[in-house]
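Peer 1: Below is the structure I would like to discuss, written out as C-alpha cells.
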There are 2 protein chains.
Amino acid sequence: MSKKRAVVLLSGGLDSATTLAIARTQGFDSYCLSFEYGQRHSAEVKFAKKVASHLGAQEFRVARIDIGAFGGSALTDMDIDVPVGPRATKTQADASQDEIPITYVPARNTIFLSYALGWAEVLGASDIFIGVNAVDYSGYPDCRPEFISAFESMANLATRVGIEGARITIRTPLIDLRKEEIITLGMSLGVDYSITVSCYQLDSKGISCGVCESCQIRKAGFDKAGTRDPTRYS
Amino acid sequence: MSKKRAVVLLSGGLDSATTLAIARTQGFDSYCLSFEYGQRHSAEVKFAKKVASHLGAQEFRVARIDIGAFGGSALTDMDIDVPVGPRATKTQADASQDEIPITYVPARNTIFLSYALGWAEVLGASDIFIGVNAVDYSGYPDCRPEFISAFESMANLATRVGIEGARITIRTPLIDLRKEEIITLGMSLGVDYSITVSCYQLDSKGISCGVCESCQIRKAGFDKAGTRDPTRYS
C-alpha cells in the first residue's frame with residue numbers, strides 16, 4: 001500500500017522544521033512547499049531546502065509569488081522599518097485588543113495554504129501541515145485556530161477532493177505549544193536547529209540580527225528549554 | 001467622502017468584464033487583478049488590461065504566480081490536451097454526479113481570491129468581485145455558491161479587517177445568470193465584448209479557436225441573446 005501524503009509548508013524557520021519532523025514521525029510522505037514572495041529574508045528558502053533534505057522529505061518546491069507587489073508590510077516593503085526589540089508575548093485572547101504588528105503580511109497564510117491546497121489536490125495528499133502557533137502568536141489574525149478551521153471548511157468545498165468524498169485536513173501540531181515546548185519536542189525528534197532561521201532581517205550569509213522581535217522570541221525559547229541556541233547571530 | 005473600493009478579478013473574459021461593469025455601476029472604485037499562471041492563453045491578460053481601461057478601473061495589476069508548477073490541468077500542463085467540442089451545460093445540482101473536467105486548475109479560484117483578499121486589505125477595500133457562475137458551471141467545484149460563502153467566512157477570520165470589525169464581502173453578481181443573460185446585462189452597461197476573450201487555446205494574436213468548450217458556450221450565449229458575436233474566430 002502506498003504511504004499517505006502530506007503537503008508541509010516550510011519556511012526555513014524553527015516552527016515549520018518541527019512541523020515537518022512531526023509529519024514524518026506520523027508516517028507521512030512529505031511534500032514541502034516554500035515561497036519566495038519579495039520578503040527581506042529570502043535567504044530563508046535555502047535553509048528550508050536544507051531542512052527538507054535533513055528530515056527526509058519526498059520533494060521540495062519553491063513557488064515564486066507576488067505578495068510583495070501589494071506592499072503594506074514591513075516584511076516585504078522596503079519603505080517600512082522592521083521593529084526592533086522584545087515584545088510582550090500575546091495570547092490569542094489578547095489579540096482583538098492589540099494592534100496587529102507591522103510585520104504582518106496581508107493574507108499570507110491564506111495564500112500559502114491555497115497553494116498547498118492546489119498541490120495537495122494534484123498529489124492526492126489528504127493532509128496539509130502548517131506550523132502556526134496561537135501562543136507566541138504575535139497578533140497575526142491568520143494564526144488563530146478559528147481561521148485554520150474556516151480554511152479547512154472552505155478547502156473541502158473548493159476542490160475535486162472535497163466533491164469526490166475524500167477530505168483535506170489542515171494540521172497545526174504546534175498551535176497550542178509554547179516556543180520552548182516546540183524546541184524540546186523538535187530536539188526529541190532529531191531536528192537540527194542550526195539549519196533553521198527565524199530572523200526578520202537575516203543577512204545574505206544567513207546570519208541573524210539577534211535583536212528583531214523574531215530573534216528575541218527564538219532566543220527566549222532556547223533559554224526556557226534549557227538548550228544551547230545554535231543560531232549564528234551577528 | 002472617499003468612494004468605496006473593490007478588488008475585481010479580471011481574466012479578459014466575458015464574465016469578468018461584465019462583473020467589472022457591474023462593480024462600476026454600483027459605484028465602486030475598482031482595482032482590477034489579473035494573473036499570469038502559466039496558462040496556455042496568457043494573451044488574455046492583454047485583453048484584461050484593455051477591459052480595465054475601457055470600463056474606467058482605478059488600477060490594473062498582474063500577479064505572476066506559480067500554479068502551473070503543480071501541473072494536473074489541461075490549461076497549464078502542455079502534456080494534457082484541451083478537450084474540443086460542445087459539452088452539455090451543467091447545473092449546480094448535477095455537479096456531484098459529474099466528472100470534473102480536465103480543464104479544471106487545482107485550487108485556482110481559492111488562490112485568486114486569496115490574492116484579492118491580500119490586496120483588498122492593503123487598499124482598505126470592503127468588497128471583492130468575482131465573475132463565477134453556477135449555471136454554465138462546467139463542473140468546477142470552486143464556482144459553487146457554497147464555496148464562495150465558505151471563502152467569505154474564512155476571509156473575515158484571516159485578516160486585519162476581520163479583526164478590526166470591518167467586513168469583506170465576496171460579490172458574485174453573475175452566479176445565477178445564464179450566459180445570454182450575462183451578455184444582455186453587459187450590453188446594457190456598455191461592455192464592448194470585442195475586447196474580451198473566452199477561448200481555452202487563444203493564439204498569440206488573440207484569435208479564438210471557435211471549437212473548444214469555452215468558445216462553444218460563448219457562441220451559444222450570443223446566439224441566445226440575439227446579438228452579434230464580435231469575437232475574432234480563426
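Letters A, B, ... go to the chains of the C-alpha cells in the order shown; residues in each chain start at 1; ligands are counted from 1 in the same order.
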Leaving out Glu180 of chain A and any residue of its chain fewer than 4 positions from it, which residues lie within 9 Å of it when counting only C-alpha atoms, given as a VMD selection string?
Peer 2: chain A and resid 184 to 185 218 220 to 226
Peer 1: Go ahead and write the selection's residues with N, CA and C atoms as a compact mmCIF listing (two decimals), in the first residue's frame.
Peer 2:
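Result went into out.txt, see below:
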# COMPACT_ATOMS: atom_id res chain seq x y z
N THR A 184 11.84 21.66 22.55
CA THR A 184 12.06 20.40 23.25
C THR A 184 11.52 19.22 22.43
N LEU A 185 10.31 19.42 21.86
CA LEU A 185 9.72 18.37 21.03
C LEU A 185 10.59 18.11 19.79
N ARG A 218 12.94 33.61 19.65
CA ARG A 218 13.73 32.39 19.47
C ARG A 218 14.74 32.21 20.61
N ALA A 220 14.69 33.45 23.61
CA ALA A 220 14.00 33.18 24.88
C ALA A 220 13.52 31.72 24.93
N GLY A 221 13.11 31.19 23.75
CA GLY A 221 12.64 29.81 23.68
C GLY A 221 13.75 28.82 24.02
N PHE A 222 14.92 29.00 23.43
CA PHE A 222 16.04 28.11 23.75
C PHE A 222 16.42 28.24 25.22
N ASP A 223 16.41 29.47 25.70
CA ASP A 223 16.70 29.74 27.12
C ASP A 223 15.77 28.94 28.03
N LYS A 224 14.47 29.08 27.78
CA LYS A 224 13.49 28.42 28.64
C LYS A 224 13.53 26.90 28.48
N ALA A 225 13.93 26.45 27.27
CA ALA A 225 14.05 24.99 27.05
C ALA A 225 15.32 24.45 27.69
N GLY A 226 16.19 25.34 28.17
CA GLY A 226 17.44 24.92 28.79
C GLY A 226 18.39 24.26 27.80
Peer 1: Kindly provide the residues of chain B that approach chain A to within 7 Å, each paired with its closest atom pair and their distance in Å to one decimal, based on only C-alpha atoms, listed by chain and increasing number, as CSV.
Peer 2:
residue,atom,partner,partner_atom,distance
B:Ala63,CA,A:Asp66,CA,5.6
B:Arg64,CA,A:Asp66,CA,6.2
B:Ile65,CA,A:Ile65,CA,5.1
B:Asp66,CA,A:Ala63,CA,5.6
B:Phe70,CA,A:Trp119,CA,5.7
B:Gly72,CA,A:Val122,CA,5.7
B:Ser96,CA,A:Ile163,CA,6.2
B:Pro106,CA,A:Gly118,CA,4.7
B:Ala107,CA,A:Gly118,CA,4.7
B:Thr110,CA,A:Ser114,CA,6.0
B:Ile111,CA,A:Ser114,CA,5.3
B:Ser114,CA,A:Ile111,CA,5.2
B:Tyr115,CA,A:Ile111,CA,6.5
B:Leu117,CA,A:Ala107,CA,6.4
B:Gly118,CA,A:Pro106,CA,4.7
B:Trp119,CA,A:Phe70,CA,5.7
B:Glu121,CA,A:Pro106,CA,6.4
B:Val122,CA,A:Gly72,CA,5.7
B:Pro141,CA,A:Ala158,CA,5.5
B:Asp142,CA,A:Ala158,CA,4.6
B:Phe147,CA,A:Leu157,CA,5.2
B:Ala150,CA,A:Met154,CA,4.8
B:Phe151,CA,A:Met154,CA,5.6
B:Ser153,CA,A:Ala150,CA,6.8
B:Met154,CA,A:Ala150,CA,4.9
B:Leu157,CA,A:Phe147,CA,5.2
B:Ala158,CA,A:Asp142,CA,4.6
B:Thr159,CA,A:Pro141,CA,5.7
B:Arg160,CA,A:Pro141,CA,6.3
B:Ile163,CA,A:Ser96,CA,6.1
Peer 1: Using only C-alpha atoms, which residue out of B:Ala134, B:Ala57, B:Cys212, B:Leu202 lies closest to Asp176 of chain B?
Peer 2: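 Result for the nearest residue to Asp176 of chain B: B:Ala134.
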Peer 1: For atom CA of Arg24 of chain A and atom CA of Ser208 of chain A, determine how far apart the two atoms are, in Å to one decimal place.
Peer 2: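 For atom CA of Arg24 of chain A relative to atom CA of Ser208 of chain A, the distance reads 27.6 Å.
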Peer 1: Would you list, as a PyMOL selection string, the residues of segment 7-40 of chain B that end up in helix (DSSP H, G or I) under DSSP run on this structure's backbone?
Peer 2: chain B and resi 14-25
Peer 1: What is the atom CA of Gly186 of chain B-atom CA of Ala21 of chain B distance in Å, reported with one decimal?
Peer 2: 7.1 Å
Peer 1: Atom CA of Asn133 of chain B and atom CA of Arg167 of chain B, how far apart in Å?
Peer 2: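 Atom CA of Arg167 of chain B sits 23.2 Å away from atom CA of Asn133 of chain B.
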Peer 1: Could you tell me which of B:Cys209, B:Arg232, B:Thr169, B:Ile22 comes closest to Ser188 of chain B if we count only C-alpha atoms?
Peer 2: B:Ile22
Peer 1: For Ala52 of chain A, work out the shell of residues within 12 Å, counting only C-alpha atoms and skipping chain neighbours fewer than 6 positions away, then give it as number ranges by chain.
Peer 2: A: 7-13, 16-21, 23-24, 29-34, 45-46, 58-62, 191-192, 195-196
Peer 1: Would you mind exporting N, CA and C atoms of the selected residues as a compact mmCIF listing (two decimals), in the first residue's frame?
Peer 2:
# COMPACT_ATOMS: atom_id res chain seq x y z
N VAL A 7 1.24 17.69 2.26
CA VAL A 7 1.98 18.89 1.88
C VAL A 7 2.35 19.61 3.17
N VAL A 8 3.63 19.97 3.30
CA VAL A 8 4.10 20.64 4.51
C VAL A 8 4.65 22.01 4.12
N LEU A 9 4.09 23.06 4.70
CA LEU A 9 4.59 24.42 4.43
C LEU A 9 5.87 24.62 5.24
N LEU A 10 6.92 25.00 4.54
CA LEU A 10 8.24 25.05 5.15
C LEU A 10 8.84 26.43 4.88
N SER A 11 9.23 27.12 5.95
CA SER A 11 9.76 28.48 5.77
C SER A 11 11.25 28.57 5.98
N GLY A 12 11.86 27.51 6.52
CA GLY A 12 13.25 27.59 6.95
C GLY A 12 13.35 27.95 8.43
N GLY A 13 12.20 28.21 9.04
CA GLY A 13 12.19 28.58 10.45
C GLY A 13 12.10 27.38 11.37
N SER A 16 8.34 25.55 11.43
CA SER A 16 7.97 24.69 10.31
C SER A 16 8.89 23.47 10.22
N ALA A 17 10.15 23.59 10.65
CA ALA A 17 11.04 22.43 10.68
C ALA A 17 10.50 21.38 11.66
N THR A 18 10.05 21.86 12.81
CA THR A 18 9.49 20.94 13.82
C THR A 18 8.21 20.30 13.27
N THR A 19 7.43 21.09 12.57
CA THR A 19 6.19 20.57 11.97
C THR A 19 6.49 19.46 10.97
N LEU A 20 7.51 19.65 10.15
CA LEU A 20 7.90 18.61 9.19
C LEU A 20 8.35 17.34 9.93
N ALA A 21 9.12 17.52 11.00
CA ALA A 21 9.56 16.34 11.77
C ALA A 21 8.36 15.58 12.31
N ALA A 23 5.28 15.53 10.98
CA ALA A 23 4.61 14.87 9.85
C ALA A 23 5.34 13.58 9.49
N ARG A 24 6.66 13.63 9.49
CA ARG A 24 7.45 12.43 9.16
C ARG A 24 7.24 11.35 10.22
N ASP A 29 4.52 10.67 3.85
CA ASP A 29 5.43 11.13 2.80
C ASP A 29 5.19 12.62 2.68
N SER A 30 6.25 13.40 2.81
CA SER A 30 6.07 14.85 2.97
C SER A 30 6.57 15.63 1.77
N TYR A 31 5.69 16.45 1.22
CA TYR A 31 5.98 17.29 0.05
C TYR A 31 6.05 18.73 0.54
N CYS A 32 7.26 19.26 0.55
CA CYS A 32 7.48 20.56 1.20
C CYS A 32 7.39 21.71 0.21
N LEU A 33 6.74 22.77 0.66
CA LEU A 33 6.49 23.93 -0.18
C LEU A 33 6.97 25.19 0.52
N SER A 34 7.89 25.90 -0.17
CA SER A 34 8.36 27.20 0.32
C SER A 34 7.97 28.28 -0.68
N VAL A 45 14.82 30.60 2.22
CA VAL A 45 14.43 29.49 1.34
C VAL A 45 15.56 28.45 1.24
N LYS A 46 16.80 28.92 1.27
CA LYS A 46 17.94 27.98 1.24
C LYS A 46 17.95 27.11 2.50
N GLN A 58 10.00 14.00 0.78
CA GLN A 58 9.89 13.37 -0.54
C GLN A 58 10.33 14.33 -1.64
N GLU A 59 9.92 15.59 -1.45
CA GLU A 59 10.12 16.59 -2.50
C GLU A 59 10.11 17.97 -1.86
N PHE A 60 10.81 18.89 -2.53
CA PHE A 60 10.86 20.28 -2.04
C PHE A 60 10.64 21.20 -3.22
N ARG A 61 9.65 22.08 -3.13
CA ARG A 61 9.42 23.04 -4.22
C ARG A 61 9.30 24.46 -3.68
N VAL A 62 9.72 25.38 -4.54
CA VAL A 62 9.60 26.80 -4.19
C VAL A 62 8.65 27.44 -5.19
N VAL A 191 15.49 17.13 15.22
CA VAL A 191 15.64 18.32 14.36
C VAL A 191 16.96 19.04 14.68
N ASP A 192 17.69 19.35 13.64
CA ASP A 192 18.93 20.13 13.79
C ASP A 192 18.59 21.61 13.61
N ILE A 195 20.27 24.53 11.28
CA ILE A 195 19.96 24.82 9.87
C ILE A 195 18.57 25.47 9.72
N THR A 196 18.08 26.05 10.80
CA THR A 196 16.84 26.83 10.71
C THR A 196 17.14 28.28 11.08
